[in-house]
Amino acid sequence: MRTDGIDMAPEAMTMARDAIAERYGDKYVPASPRIYKNKAKNAQEAHECIRPTEMSKDADALKLMDGDQRKLYDLIWKRTLACQMESARLERTTVEIASADGHVMLRATGQVVLFDGFLRVYEEGRDDVADDDEKRLPQIMQGDALKKAAASRYVEDFTKAAGVADDALIDAGDSGASGMQRKSGAILAEKHAVLGGQHFTQPPPRFTEATLVKRMEELGIGRPSTYASIVTTIQDRGYVRREGQRLIPEDKGRLVTAFLENYFKRYIGYDFTADLEDQLDKVSAGDAEYKKVLERFWRDFSAAIAETSELRITEVLEKINDVLAPHLFPATEDGSDPRLCPNCEIGRLSMRTARSGGAFIGCSNYPECRYTRPFGPPDPEAEASAIPPDGKLLGEDQGDEIRVFKGRFGPYVQRGAQTEEVPKPPRQSIPKDWEPEELELERAVMLLSLPREIGPHPEDGIMVWANIGRYGPYLKHAASTSDRGGTNANLEGIDEVFTVGMNRAVQLLAEKVASRGQRGVAAAPLRELGEHPVAGGPVNVMKGKYGPYVKWEKINATIPDTIEPEDITIDQAVQLIDERAEKAGKKKPAAKKKAAPKKKAVAKKPAAKKKAPSKKAAKKPDA
């Protein structure tokens with residue numbers, strides 16, 4: 001069964017009709033089973049719809065305990081039965097009430113359910129069915145006089161009207177208006193029987209994931225198996241953002257859409273996918289050759305790519321500028337040119353591409369004017385609080401201007417101006433934890449004083465420095481901070497760069513040197529719990545990079561947050577080690593086999609010594 005199928009097996013239809021007749025009566029069963037057809041082109045209807053296997057069992061009968069399972073089954077069961085029930089019959093009535101002189105016309109619309117039909121089981125879009133009396137109109141005939149409703153009927157609605165907190169009485173001198181109460185969004189009559197409300201026309205709602213999928217189905221875009229990936233991709237790539245259930249288009253999505261619509265319009269047309277699927281269906285049916293279909297597609301597509309690749313980047317940018325002009329450069333209140341640079345008032349604003357990727361709005365008078373703003377419509381409030389292209393002046397120190405700038409690699413502070421005589425004035429990056437827009441002169445001067453000399457090391461006389469680097473605040477024991485040698489040690493916070501003294505610096509540097517000397521040496525345990533009760537071997541509590549853990553031989557098991565390392569017992573540690581070993585696919589620690597007792601060696605009798613053969617006396621040679 002698949003969720004995108006709408007076909008139901010004949011035996012399932014029969015079961016549904018029997019369940020409806022038994023539960024609600026024969027009048028809710030239509031004369032013939034209802035058979036639905038998919039209106040979408042190329043719909044795959046080889047699968048049955050998702051439905052209950054036993055129609056007579058509702059959620060209460062199954063006694064489902066899990067809340068989500070219960071809700072899901074209840075939805076499936078209700079919709080399945082509702083699709084095979086008789087139609088509902090409603091009577092809608094519109095009543096127009098006019099004043100005696102005909103100058104005022106009131107209109108009321110209501111409906112009455114004559115026969116609930118499938119609404120008896122399920123009403124789409126409404127979880128709690130409202131009381132019919134809320135929209136039921138009384139029996140009324142043309143020409144009847146108006147009867148006033150019960151007093152105080154609309155008091156609650158009037159109190160919800162936005163605007164003035166206190167009720168304001170309309171001037172009693174106004175004829176016919178004495179005693180009325182008014183708020184900015186409503187007027188309540190004297191007897192509280194008539195309420196005049198204010199209503200504004202709302203724009204069409206934004207797409208949700210569900211309505212977007214429904215629209216794609218109507219246009220024939222994609223297939224049910226691709227809808228989830230489409231919705232996920234446009235969010236992951238930042239083309240849209242999700243606010244509640246609504247999908248709000250982002251400027252990045254507008255940029256991509258403008259490019260594709262102007263240079264690949266054919267391939268993003270609503271009918272392109274459906275047409276291509278028609279051709280693929282002909283291939284599968286044997287009515288077309290797949291190589292010719294692919295050749296025809298690739299010939300046109302490769303030509304479109306080649307044509308686009310020959311364009312200059314400036315042509316593409318100007319084209320997108322023109323297409324997105326109402327969004328990027330909206331008309332100004334005073335009628336001035338919206339693309340005129342507000343900084344130099346000479347150059348024109350245009351979309352630019354950054355080296356690191358992405359896009360921004362910049363001035364055509366670059367490099368004389370360095371005005372930039374994020375890609376998208378202008379935001380005066382954000383620009384007012386942001387750092388201007390020429391830097392934000394914080395004040396003066398020792399006769400030099402101190403400014404904050406936005407650079408390619410992040411914000412920084414600078415002492416003095418960049419001139420031919422001083423092409424590289426003193427600069428210092430602003431730490432990530434500090435807000436550049438809120439930086440004060442005092443802190444900027446502190447940053448520009450870095451690197452800070454703490455003093456010569458008491459052992460060798462080499463200078464000790466405090467500075468802020470790529471990886472945060474640190475100490476350096478070397479002739480200079482640019483020296484590749486020496487010893488570096490991390491500091492805990494940025495403020496410590498400006499306050500750390502020699503004693504603390506010597507201690508941190510010594511600890512760093514000691515830690516280097518301990519590489520390859522086993523770390524000392526925090527606690528020794530004792531021998532493993534089954535397999536033997538020490539079980540210890542160790543200090544790890546990501547928290548304490550217990551260790552036995554080569555198995556490390558993290559200690560959960562619910563257990564304090566000081567309170568863990570040997571039994572708890574063994575249980576954690578067993579769980580870790582099982583999770584890692586290793587065998588649990590087994591009891592070590594006792595070594596067999598050694599047999600006593602039987603004393604052997606010394607072997608009898610063999611008598612050496614007696615040597616015969618050598619014969620004397622004859623004289």
# chains A, B, ... in the order shown; residues from 1 in each chain; ligands from 1

call {"tool": "residues_around", "arguments": {"residues": "Asp157 in chain A", "least_positions_apart": "4", "cutoff": "10 Å", "atoms": "only C-alpha atoms", "output": "PyMOL selection string"}}
result
chain A and resi 153+161+186+188+195+197

call {"tool": "closest_atom_pairs", "arguments": {"of": "range 432-510 of chain A", "to": "range 415-419 of chain A", "cutoff": "10 Å", "atoms": "only C-alpha atoms", "output": "Markdown table"}}
result
| residue | atom | partner | partner_atom | distance |
| --- | --- | --- | --- | --- |
| A:Ala444 | CA | A:Arg415 | CA | 9.2 |
| A:Val445 | CA | A:Arg415 | CA | 8.5 |
| A:Leu448 | CA | A:Arg415 | CA | 7.4 |

call {"tool": "write_last_selection", "arguments": {"atoms": "C-alpha atoms", "output": "CSV table (one decimal), in the first residue's frame"}}
result
chain,number,residue,atom,x,y,z
A,444,ALA,CA,39.7,49.4,20.9
A,445,VAL,CA,42.9,51.0,22.3
A,448,LEU,CA,45.7,48.0,19.4

call {"tool": "atom_distance", "arguments": {"atom1": "CA of Met446 in chain A", "atom2": "CA of Ala478 in chain A"}}
result
21.8 Å

call {"tool": "residues_around", "arguments": {"residues": "Ala82 in chain A", "least_positions_apart": "3", "cutoff": "10 Å", "atoms": "only C-alpha atoms", "output": "PyMOL selection string"}}
result
chain A and resi 16+20+28+76-79+85-87+117-123

call {"tool": "write_last_selection", "arguments": {"atoms": "N, CA, C and O atoms", "output": "compact mmCIF listing (two decimals), in the first residue's frame"}}
result
# COMPACT_ATOMS: atom_id res chain seq x y z
N ALA A 16 -16.03 -1.68 3.81
CA ALA A 16 -16.32 -0.32 4.26
C ALA A 16 -17.82 -0.05 4.24
O ALA A 16 -18.38 0.54 5.17
N ILE A 20 -20.18 0.88 7.45
CA ILE A 20 -20.97 2.12 7.49
C ILE A 20 -22.43 1.80 7.80
O ILE A 20 -23.07 2.46 8.63
N TYR A 28 -26.70 6.15 5.02
CA TYR A 28 -25.36 6.71 4.83
C TYR A 28 -24.55 5.94 3.78
O TYR A 28 -23.41 6.32 3.50
N ILE A 76 -6.71 7.69 9.40
CA ILE A 76 -6.85 6.75 8.27
C ILE A 76 -8.23 6.12 8.27
O ILE A 76 -8.89 6.01 7.23
N TRP A 77 -8.70 5.70 9.43
CA TRP A 77 -10.00 5.02 9.52
C TRP A 77 -11.14 5.95 9.13
O TRP A 77 -12.03 5.59 8.36
N LYS A 78 -11.10 7.19 9.62
CA LYS A 78 -12.17 8.14 9.32
C LYS A 78 -12.21 8.48 7.83
O LYS A 78 -13.28 8.52 7.22
N ARG A 79 -11.05 8.75 7.25
CA ARG A 79 -11.03 9.13 5.83
C ARG A 79 -11.43 7.97 4.94
O ARG A 79 -12.04 8.16 3.89
N MET A 85 -19.01 7.05 1.90
CA MET A 85 -20.30 7.40 2.48
C MET A 85 -21.08 8.33 1.55
O MET A 85 -20.53 8.90 0.60
N GLU A 86 -22.36 8.47 1.85
CA GLU A 86 -23.24 9.33 1.07
C GLU A 86 -22.82 10.78 1.24
O GLU A 86 -22.25 11.18 2.26
N SER A 87 -23.08 11.61 0.20
CA SER A 87 -22.71 13.02 0.24
C SER A 87 -23.57 13.76 1.27
O SER A 87 -24.71 13.37 1.56
N GLY A 117 -24.32 13.15 6.09
CA GLY A 117 -23.57 12.27 5.21
C GLY A 117 -22.19 11.94 5.75
O GLY A 117 -22.03 11.53 6.91
N PHE A 118 -21.17 12.12 4.90
CA PHE A 118 -19.80 11.79 5.33
C PHE A 118 -19.29 12.69 6.45
O PHE A 118 -18.34 12.34 7.14
N LEU A 119 -19.94 13.86 6.64
CA LEU A 119 -19.54 14.74 7.74
C LEU A 119 -19.78 14.10 9.09
O LEU A 119 -19.25 14.56 10.10
N ARG A 120 -20.60 13.05 9.11
CA ARG A 120 -20.86 12.33 10.36
C ARG A 120 -19.56 11.71 10.89
O ARG A 120 -19.40 11.56 12.10
N VAL A 121 -18.65 11.40 9.96
CA VAL A 121 -17.40 10.74 10.35
C VAL A 121 -16.22 11.70 10.33
O VAL A 121 -15.41 11.76 11.25
N TYR A 122 -16.12 12.47 9.26
CA TYR A 122 -14.89 13.24 9.06
C TYR A 122 -15.18 14.53 8.32
O TYR A 122 -15.88 14.53 7.31
N GLU A 123 -14.61 15.63 8.83
CA GLU A 123 -14.69 16.92 8.16
C GLU A 123 -13.28 17.47 8.04
O GLU A 123 -12.63 17.77 9.04

call {"tool": "atom_distance", "arguments": {"atom1": "CA of Leu475 in chain A", "atom2": "CA of Ala505 in chain A"}}
result
7.2 Å

call {"tool": "closest_residue", "arguments": {"among": "A:Ala145, A:Ile230, A:Cys83, A:Met65", "to": "Arg17 in chain A", "atoms": "only C-alpha atoms"}}
result
A:Cys83

call {"tool": "closest_residue", "arguments": {"among": "A:Thr233, A:Ser336, A:Asn38, A:Thr159", "to": "Glu217 in chain A", "atoms": "only C-alpha atoms"}}
result
A:Asn38

call {"tool": "residues_around", "arguments": {"residues": "range 258-272 of chain A", "least_positions_apart": "2", "cutoff": "7 Å", "atoms": "only C-alpha atoms", "output": "PyMOL selection string"}}
result
chain A and resi 219+221+254-256+274-276+308+320+323

call {"tool": "residues_around", "arguments": {"residues": "range 560-577 of chain A", "least_positions_apart": "6", "cutoff": "7 Å", "atoms": "only C-alpha atoms", "output": "PyMOL selection string"}}
result
chain A and resi 529+548+550

call {"tool": "residues_around", "arguments": {"residues": "range 467-471 of chain A", "least_positions_apart": "4", "cutoff": "10 Å", "atoms": "only C-alpha atoms", "output": "ChimeraX atom specification"}}
result
/A:428-431,447,449-453,475-476,481,490-491,493-494,496-498

call {"tool": "write_last_selection", "arguments": {"atoms": "all heavy atoms", "output": "short mmCIF file (atom, residue, chain, number, x, y, z; two decimals), in the first residue's frame"}}
result
data_model
loop_
_atom_site.label_atom_id
_atom_site.label_comp_id
_atom_site.auth_asym_id
_atom_site.auth_seq_id
_atom_site.Cartn_x
_atom_site.Cartn_y
_atom_site.Cartn_z
N GLN A 428 44.11 45.45 14.43
CA GLN A 428 43.92 44.30 15.31
C GLN A 428 42.51 43.76 15.11
O GLN A 428 41.53 44.53 15.12
CB GLN A 428 44.13 44.66 16.79
CG GLN A 428 43.98 43.51 17.74
CD GLN A 428 45.04 42.42 17.54
OE1 GLN A 428 46.20 42.72 17.30
NE2 GLN A 428 44.63 41.18 17.62
N SER A 429 42.40 42.46 14.91
CA SER A 429 41.08 41.85 14.74
C SER A 429 40.27 41.93 16.02
O SER A 429 40.82 41.86 17.13
CB SER A 429 41.23 40.38 14.31
OG SER A 429 41.88 40.28 13.07
N ILE A 430 38.96 42.06 15.84
CA ILE A 430 38.05 42.12 16.99
C ILE A 430 37.63 40.70 17.34
O ILE A 430 37.21 39.94 16.45
CB ILE A 430 36.82 42.99 16.67
CG1 ILE A 430 37.27 44.41 16.35
CG2 ILE A 430 35.82 42.98 17.81
CD1 ILE A 430 36.13 45.32 15.90
N PRO A 431 37.73 40.28 18.59
CA PRO A 431 37.33 38.92 18.97
C PRO A 431 35.86 38.65 18.63
O PRO A 431 35.04 39.56 18.57
CB PRO A 431 37.56 38.88 20.49
CG PRO A 431 38.55 39.97 20.75
CD PRO A 431 38.28 41.03 19.73
N LEU A 447 42.95 46.69 22.35
CA LEU A 447 43.24 45.73 21.29
C LEU A 447 44.46 46.15 20.48
O LEU A 447 45.30 45.34 20.12
CB LEU A 447 42.03 45.59 20.36
CG LEU A 447 40.83 44.81 20.90
CD1 LEU A 447 39.67 44.88 19.92
CD2 LEU A 447 41.20 43.36 21.17
N SER A 449 46.94 47.74 21.47
CA SER A 449 48.17 47.63 22.26
C SER A 449 48.78 46.24 22.19
O SER A 449 49.90 46.03 22.69
CB SER A 449 47.89 47.99 23.73
OG SER A 449 47.04 47.01 24.32
N LEU A 450 48.06 45.28 21.59
CA LEU A 450 48.56 43.91 21.50
C LEU A 450 49.57 43.81 20.35
O LEU A 450 49.47 44.55 19.36
CB LEU A 450 47.40 42.95 21.27
CG LEU A 450 46.36 42.89 22.40
CD1 LEU A 450 45.24 41.93 22.03
CD2 LEU A 450 47.02 42.46 23.71
N PRO A 451 50.55 42.89 20.42
CA PRO A 451 50.80 41.97 21.53
C PRO A 451 51.37 42.68 22.76
O PRO A 451 52.13 43.65 22.61
CB PRO A 451 51.79 40.97 20.94
CG PRO A 451 52.50 41.73 19.87
CD PRO A 451 51.49 42.67 19.31
N ARG A 452 51.00 42.19 23.92
CA ARG A 452 51.39 42.82 25.18
C ARG A 452 52.60 42.12 25.77
O ARG A 452 52.63 40.90 25.87
CB ARG A 452 50.21 42.74 26.15
CG ARG A 452 50.54 43.14 27.57
CD ARG A 452 49.31 43.12 28.45
NE ARG A 452 49.66 43.16 29.84
CZ ARG A 452 49.54 42.15 30.69
NH1 ARG A 452 49.05 41.00 30.27
NH2 ARG A 452 49.87 42.26 31.95
N GLU A 453 53.61 42.92 26.12
CA GLU A 453 54.80 42.38 26.76
C GLU A 453 54.53 42.20 28.25
O GLU A 453 54.22 43.17 28.96
CB GLU A 453 55.99 43.31 26.57
CG GLU A 453 56.47 43.42 25.14
CD GLU A 453 57.70 44.30 25.04
OE1 GLU A 453 58.12 44.86 26.07
OE2 GLU A 453 58.24 44.45 23.93
N LEU A 475 49.53 32.75 25.41
CA LEU A 475 50.82 33.25 25.85
C LEU A 475 51.89 32.72 24.90
O LEU A 475 51.76 31.62 24.36
CB LEU A 475 51.14 32.76 27.27
CG LEU A 475 50.29 33.31 28.42
CD1 LEU A 475 50.59 32.52 29.69
CD2 LEU A 475 50.55 34.78 28.64
N LYS A 476 52.98 33.51 24.73
CA LYS A 476 54.08 33.05 23.89
C LYS A 476 55.40 33.40 24.57
O LYS A 476 55.61 34.54 24.99
CB LYS A 476 54.03 33.69 22.50
CG LYS A 476 55.05 33.09 21.54
CD LYS A 476 54.85 33.62 20.14
CE LYS A 476 55.77 32.92 19.15
NZ LYS A 476 55.46 31.48 18.97
N THR A 481 56.41 37.62 18.82
CA THR A 481 55.21 36.82 18.57
C THR A 481 55.23 36.19 17.18
O THR A 481 54.50 35.23 16.92
CB THR A 481 53.96 37.70 18.71
OG1 THR A 481 54.09 38.84 17.84
CG2 THR A 481 53.78 38.17 20.13
N ASN A 490 47.62 28.36 26.10
CA ASN A 490 46.31 29.00 25.97
C ASN A 490 45.92 29.72 27.25
O ASN A 490 46.26 29.28 28.36
CB ASN A 490 45.24 27.97 25.63
CG ASN A 490 45.45 27.35 24.26
OD1 ASN A 490 46.00 27.99 23.37
ND2 ASN A 490 45.03 26.10 24.10
N LEU A 491 45.19 30.82 27.07
CA LEU A 491 44.60 31.55 28.20
C LEU A 491 43.10 31.26 28.23
O LEU A 491 42.48 30.95 27.20
CB LEU A 491 44.84 33.05 28.06
CG LEU A 491 46.30 33.51 28.21
CD1 LEU A 491 46.42 34.99 27.86
CD2 LEU A 491 46.79 33.27 29.64
N GLY A 493 40.44 33.30 28.97
CA GLY A 493 39.54 34.31 28.43
C GLY A 493 40.29 35.47 27.81
O GLY A 493 41.50 35.65 28.04
N ILE A 494 39.55 36.27 27.03
CA ILE A 494 40.18 37.41 26.35
C ILE A 494 40.64 38.45 27.35
O ILE A 494 41.71 39.06 27.18
CB ILE A 494 39.19 38.01 25.34
CG1 ILE A 494 38.90 36.99 24.23
CG2 ILE A 494 39.74 39.29 24.73
CD1 ILE A 494 37.84 37.42 23.26
N GLU A 496 41.88 38.05 30.12
CA GLU A 496 43.13 37.65 30.79
C GLU A 496 44.35 38.09 29.99
O GLU A 496 45.45 38.21 30.55
CB GLU A 496 43.13 36.13 30.98
CG GLU A 496 44.17 35.67 32.00
CD GLU A 496 44.04 34.19 32.33
OE1 GLU A 496 43.21 33.51 31.70
OE2 GLU A 496 44.79 33.71 33.21
N VAL A 497 44.16 38.35 28.70
CA VAL A 497 45.29 38.83 27.88
C VAL A 497 45.82 40.14 28.44
O VAL A 497 47.03 40.40 28.42
CB VAL A 497 44.83 39.00 26.42
CG1 VAL A 497 45.94 39.61 25.58
CG2 VAL A 497 44.42 37.67 25.84
N PHE A 498 44.94 40.98 28.96
CA PHE A 498 45.33 42.31 29.43
C PHE A 498 45.65 42.34 30.92
O PHE A 498 46.14 43.35 31.42
CB PHE A 498 44.20 43.30 29.14
CG PHE A 498 43.72 43.28 27.72
CD1 PHE A 498 42.53 42.65 27.38
CD2 PHE A 498 44.47 43.86 26.71
CE1 PHE A 498 42.09 42.62 26.07
CE2 PHE A 498 44.03 43.84 25.40
CZ PHE A 498 42.84 43.21 25.07
#

call {"tool": "select_by_dssp", "arguments": {"residues": "range 106-323 of chain A", "states": "strand (DSSP E)", "output": "number ranges by chain"}}
result
A: 106-115, 168-169, 181-183, 186-188, 195-197, 240-243, 246-249

call {"tool": "atom_distance", "arguments": {"atom1": "CA of Ser364 in chain A", "atom2": "CA of Gln414 in chain A"}}
result
25.4 Å

call {"tool": "select_by_dssp", "arguments": {"residues": "range 383-569 of chain A", "states": "alpha helix (DSSP H)", "output": "ChimeraX atom specification"}}
result
/A:383-385,441-448,495-499,502-517

call {"tool": "residues_around", "arguments": {"residues": "range 579-582 of chain A", "least_positions_apart": "6", "cutoff": "12 Å", "atoms": "only C-alpha atoms", "output": "list in words"}}
result
Tyr549, Val550, Lys551, Trp552, Glu553, Lys554, Ile555, Asn556, Ala557, Thr558, Ile559, Gln572, Ala573, Lys588, Pro589 and Ala590 of chain A

call {"tool": "write_last_selection", "arguments": {"atoms": "all heavy atoms", "output": "short mmCIF file (atom, residue, chain, number, x, y, z; two decimals), in the first residue's frame"}}
result
data_model
loop_
_atom_site.label_atom_id
_atom_site.label_comp_id
_atom_site.auth_asym_id
_atom_site.auth_seq_id
_atom_site.Cartn_x
_atom_site.Cartn_y
_atom_site.Cartn_z
N TYR A 549 35.23 8.75 32.54
CA TYR A 549 34.83 7.44 32.05
C TYR A 549 35.54 6.37 32.88
O TYR A 549 36.49 6.63 33.61
CB TYR A 549 35.20 7.29 30.56
CG TYR A 549 36.69 7.33 30.26
CD1 TYR A 549 37.44 6.18 30.15
CD2 TYR A 549 37.33 8.56 30.08
CE1 TYR A 549 38.80 6.22 29.86
CE2 TYR A 549 38.69 8.62 29.80
CZ TYR A 549 39.42 7.44 29.70
OH TYR A 549 40.76 7.49 29.43
N VAL A 550 35.01 5.13 32.77
CA VAL A 550 35.63 4.00 33.45
C VAL A 550 36.42 3.20 32.42
O VAL A 550 36.00 3.08 31.26
CB VAL A 550 34.59 3.11 34.15
CG1 VAL A 550 33.98 3.83 35.33
CG2 VAL A 550 33.49 2.68 33.20
N LYS A 551 37.54 2.63 32.86
CA LYS A 551 38.45 1.94 31.95
C LYS A 551 38.81 0.59 32.52
O LYS A 551 39.14 0.46 33.70
CB LYS A 551 39.72 2.78 31.73
CG LYS A 551 40.72 2.14 30.76
CD LYS A 551 41.92 3.04 30.59
CE LYS A 551 42.90 2.43 29.61
NZ LYS A 551 42.34 2.28 28.25
N TRP A 552 38.69 -0.41 31.66
CA TRP A 552 39.17 -1.76 31.98
C TRP A 552 39.84 -2.31 30.73
O TRP A 552 39.21 -2.44 29.68
CB TRP A 552 38.01 -2.67 32.40
CG TRP A 552 38.45 -4.09 32.63
CD1 TRP A 552 39.08 -4.58 33.73
CD2 TRP A 552 38.31 -5.17 31.71
NE1 TRP A 552 39.35 -5.91 33.56
CE2 TRP A 552 38.89 -6.31 32.32
CE3 TRP A 552 37.78 -5.28 30.44
CZ2 TRP A 552 38.93 -7.55 31.71
CZ3 TRP A 552 37.82 -6.53 29.82
CH2 TRP A 552 38.38 -7.64 30.44
N GLU A 553 41.12 -2.57 30.85
CA GLU A 553 41.93 -2.99 29.72
C GLU A 553 41.74 -2.02 28.55
O GLU A 553 41.99 -0.84 28.69
CB GLU A 553 41.60 -4.45 29.35
CG GLU A 553 42.05 -5.44 30.41
CD GLU A 553 41.96 -6.87 29.96
OE1 GLU A 553 41.41 -7.14 28.86
OE2 GLU A 553 42.45 -7.76 30.68
N LYS A 554 41.18 -2.48 27.39
CA LYS A 554 41.03 -1.61 26.23
C LYS A 554 39.60 -1.12 26.05
O LYS A 554 39.25 -0.56 25.01
CB LYS A 554 41.47 -2.33 24.96
CG LYS A 554 42.95 -2.65 24.93
CD LYS A 554 43.34 -3.29 23.61
CE LYS A 554 44.85 -3.57 23.56
NZ LYS A 554 45.24 -4.17 22.27
N ILE A 555 38.74 -1.31 27.06
CA ILE A 555 37.34 -0.89 26.97
C ILE A 555 37.15 0.35 27.81
O ILE A 555 37.44 0.36 29.02
CB ILE A 555 36.39 -2.01 27.44
CG1 ILE A 555 36.56 -3.25 26.56
CG2 ILE A 555 34.95 -1.54 27.41
CD1 ILE A 555 35.71 -4.42 26.98
N ASN A 556 36.65 1.43 27.19
CA ASN A 556 36.33 2.69 27.86
C ASN A 556 34.82 2.91 27.80
O ASN A 556 34.23 2.83 26.72
CB ASN A 556 37.05 3.86 27.20
CG ASN A 556 38.56 3.70 27.25
OD1 ASN A 556 39.10 3.00 28.09
ND2 ASN A 556 39.25 4.35 26.32
N ALA A 557 34.21 3.18 28.93
CA ALA A 557 32.76 3.39 29.00
C ALA A 557 32.49 4.73 29.66
O ALA A 557 32.97 5.00 30.78
CB ALA A 557 32.08 2.28 29.78
N THR A 558 31.74 5.58 28.97
CA THR A 558 31.43 6.91 29.49
C THR A 558 30.53 6.81 30.72
O THR A 558 29.58 6.01 30.75
CB THR A 558 30.73 7.75 28.42
OG1 THR A 558 31.57 7.82 27.27
CG2 THR A 558 30.45 9.16 28.92
N ILE A 559 30.81 7.63 31.70
CA ILE A 559 29.97 7.67 32.91
C ILE A 559 28.81 8.63 32.64
O ILE A 559 29.03 9.79 32.29
CB ILE A 559 30.78 8.15 34.13
CG1 ILE A 559 31.94 7.18 34.40
CG2 ILE A 559 29.90 8.27 35.36
CD1 ILE A 559 32.86 7.62 35.52
N GLN A 572 28.57 -0.78 39.33
CA GLN A 572 28.09 0.11 38.28
C GLN A 572 29.11 0.20 37.14
O GLN A 572 28.75 0.20 35.96
CB GLN A 572 27.81 1.50 38.85
CG GLN A 572 26.63 1.55 39.81
CD GLN A 572 26.50 2.91 40.47
OE1 GLN A 572 27.50 3.54 40.84
NE2 GLN A 572 25.26 3.36 40.64
N ALA A 573 30.38 0.27 37.50
CA ALA A 573 31.42 0.37 36.47
C ALA A 573 31.46 -0.89 35.61
O ALA A 573 31.59 -0.82 34.38
CB ALA A 573 32.79 0.60 37.14
N LYS A 588 31.82 -9.92 26.24
CA LYS A 588 31.88 -9.44 27.61
C LYS A 588 33.08 -10.06 28.32
O LYS A 588 33.51 -11.18 27.98
CB LYS A 588 30.60 -9.80 28.35
CG LYS A 588 29.36 -9.08 27.83
CD LYS A 588 28.16 -9.43 28.68
CE LYS A 588 26.91 -8.70 28.19
NZ LYS A 588 25.72 -9.04 29.00
N PRO A 589 33.61 -9.35 29.30
CA PRO A 589 34.76 -9.90 30.03
C PRO A 589 34.40 -11.26 30.63
O PRO A 589 33.40 -11.41 31.33
CB PRO A 589 35.03 -8.86 31.11
CG PRO A 589 34.46 -7.60 30.55
CD PRO A 589 33.27 -8.00 29.75
N ALA A 590 35.19 -12.25 30.32
CA ALA A 590 34.96 -13.60 30.83
C ALA A 590 35.94 -13.90 31.94
O ALA A 590 37.03 -13.30 32.03
CB ALA A 590 35.11 -14.61 29.69
#

call {"tool": "closest_atom_pairs", "arguments": {"of": "range 390-505 of chain A", "to": "range 509-515 of chain A", "cutoff": "12 Å", "atoms": "only C-alpha atoms", "output": "Markdown table"}}
result
| residue | atom | partner | partner_atom | distance |
| --- | --- | --- | --- | --- |
| A:His457 | CA | A:Leu509 | CA | 10.2 |
| A:Glu459 | CA | A:Ala510 | CA | 11.3 |
| A:Val464 | CA | A:Leu509 | CA | 9.5 |
| A:Trp465 | CA | A:Leu509 | CA | 11.2 |
| A:Ala466 | CA | A:Leu509 | CA | 11.7 |
| A:Tyr474 | CA | A:Leu509 | CA | 10.3 |
| A:Leu475 | CA | A:Leu509 | CA | 7.7 |
| A:Lys476 | CA | A:Leu509 | CA | 8.3 |
| A:His477 | CA | A:Leu509 | CA | 7.8 |
| A:Ala478 | CA | A:Leu509 | CA | 11.4 |
| A:Gly486 | CA | A:Leu509 | CA | 10.2 |
| A:Thr487 | CA | A:Leu509 | CA | 7.0 |
| A:Asn488 | CA | A:Leu509 | CA | 7.1 |
| A:Ala489 | CA | A:Leu509 | CA | 5.8 |
| A:Asn490 | CA | A:Lys512 | CA | 8.9 |
| A:Leu491 | CA | A:Leu509 | CA | 10.4 |
| A:Met502 | CA | A:Leu509 | CA | 10.4 |
| A:Asn503 | CA | A:Leu509 | CA | 10.1 |
| A:Arg504 | CA | A:Leu509 | CA | 8.6 |
| A:Ala505 | CA | A:Leu509 | CA | 6.1 |

call {"tool": "decode", "arguments": {"residues": "range 274-292 of chain A", "atoms": "C-alpha atoms", "output": "PDB file, in the first residue's frame"}}
result
ATOM      1  CA  ALA A 274       5.376  16.418 -17.507  1.00  0.00           C
ATOM      2  CA  ASP A 275       6.347  16.412 -21.186  1.00  0.00           C
ATOM      3  CA  LEU A 276       9.601  14.592 -20.478  1.00  0.00           C
ATOM      4  CA  GLU A 277       7.753  12.003 -18.401  1.00  0.00           C
ATOM      5  CA  ASP A 278       5.376  11.464 -21.330  1.00  0.00           C
ATOM      6  CA  GLN A 279       8.361  10.697 -23.526  1.00  0.00           C
ATOM      7  CA  LEU A 280       9.824   8.327 -20.941  1.00  0.00           C
ATOM      8  CA  ASP A 281       6.459   6.547 -20.689  1.00  0.00           C
ATOM      9  CA  LYS A 282       6.552   6.032 -24.447  1.00  0.00           C
ATOM     10  CA  VAL A 283      10.031   4.567 -24.084  1.00  0.00           C
ATOM     11  CA  SER A 284       8.835   2.145 -21.412  1.00  0.00           C
ATOM     12  CA  ALA A 285       5.872   1.181 -23.618  1.00  0.00           C
ATOM     13  CA  GLY A 286       8.174   0.498 -26.550  1.00  0.00           C
ATOM     14  CA  ASP A 287       6.771   3.347 -28.674  1.00  0.00           C
ATOM     15  CA  ALA A 288      10.005   5.387 -28.644  1.00  0.00           C
ATOM     16  CA  GLU A 289      13.744   4.728 -28.565  1.00  0.00           C
ATOM     17  CA  TYR A 290      15.479   5.965 -25.437  1.00  0.00           C
ATOM     18  CA  LYS A 291      18.670   7.006 -27.235  1.00  0.00           C
ATOM     19  CA  LYS A 292      16.770   9.397 -29.482  1.00  0.00           C
TER      20      LYS A 292
END
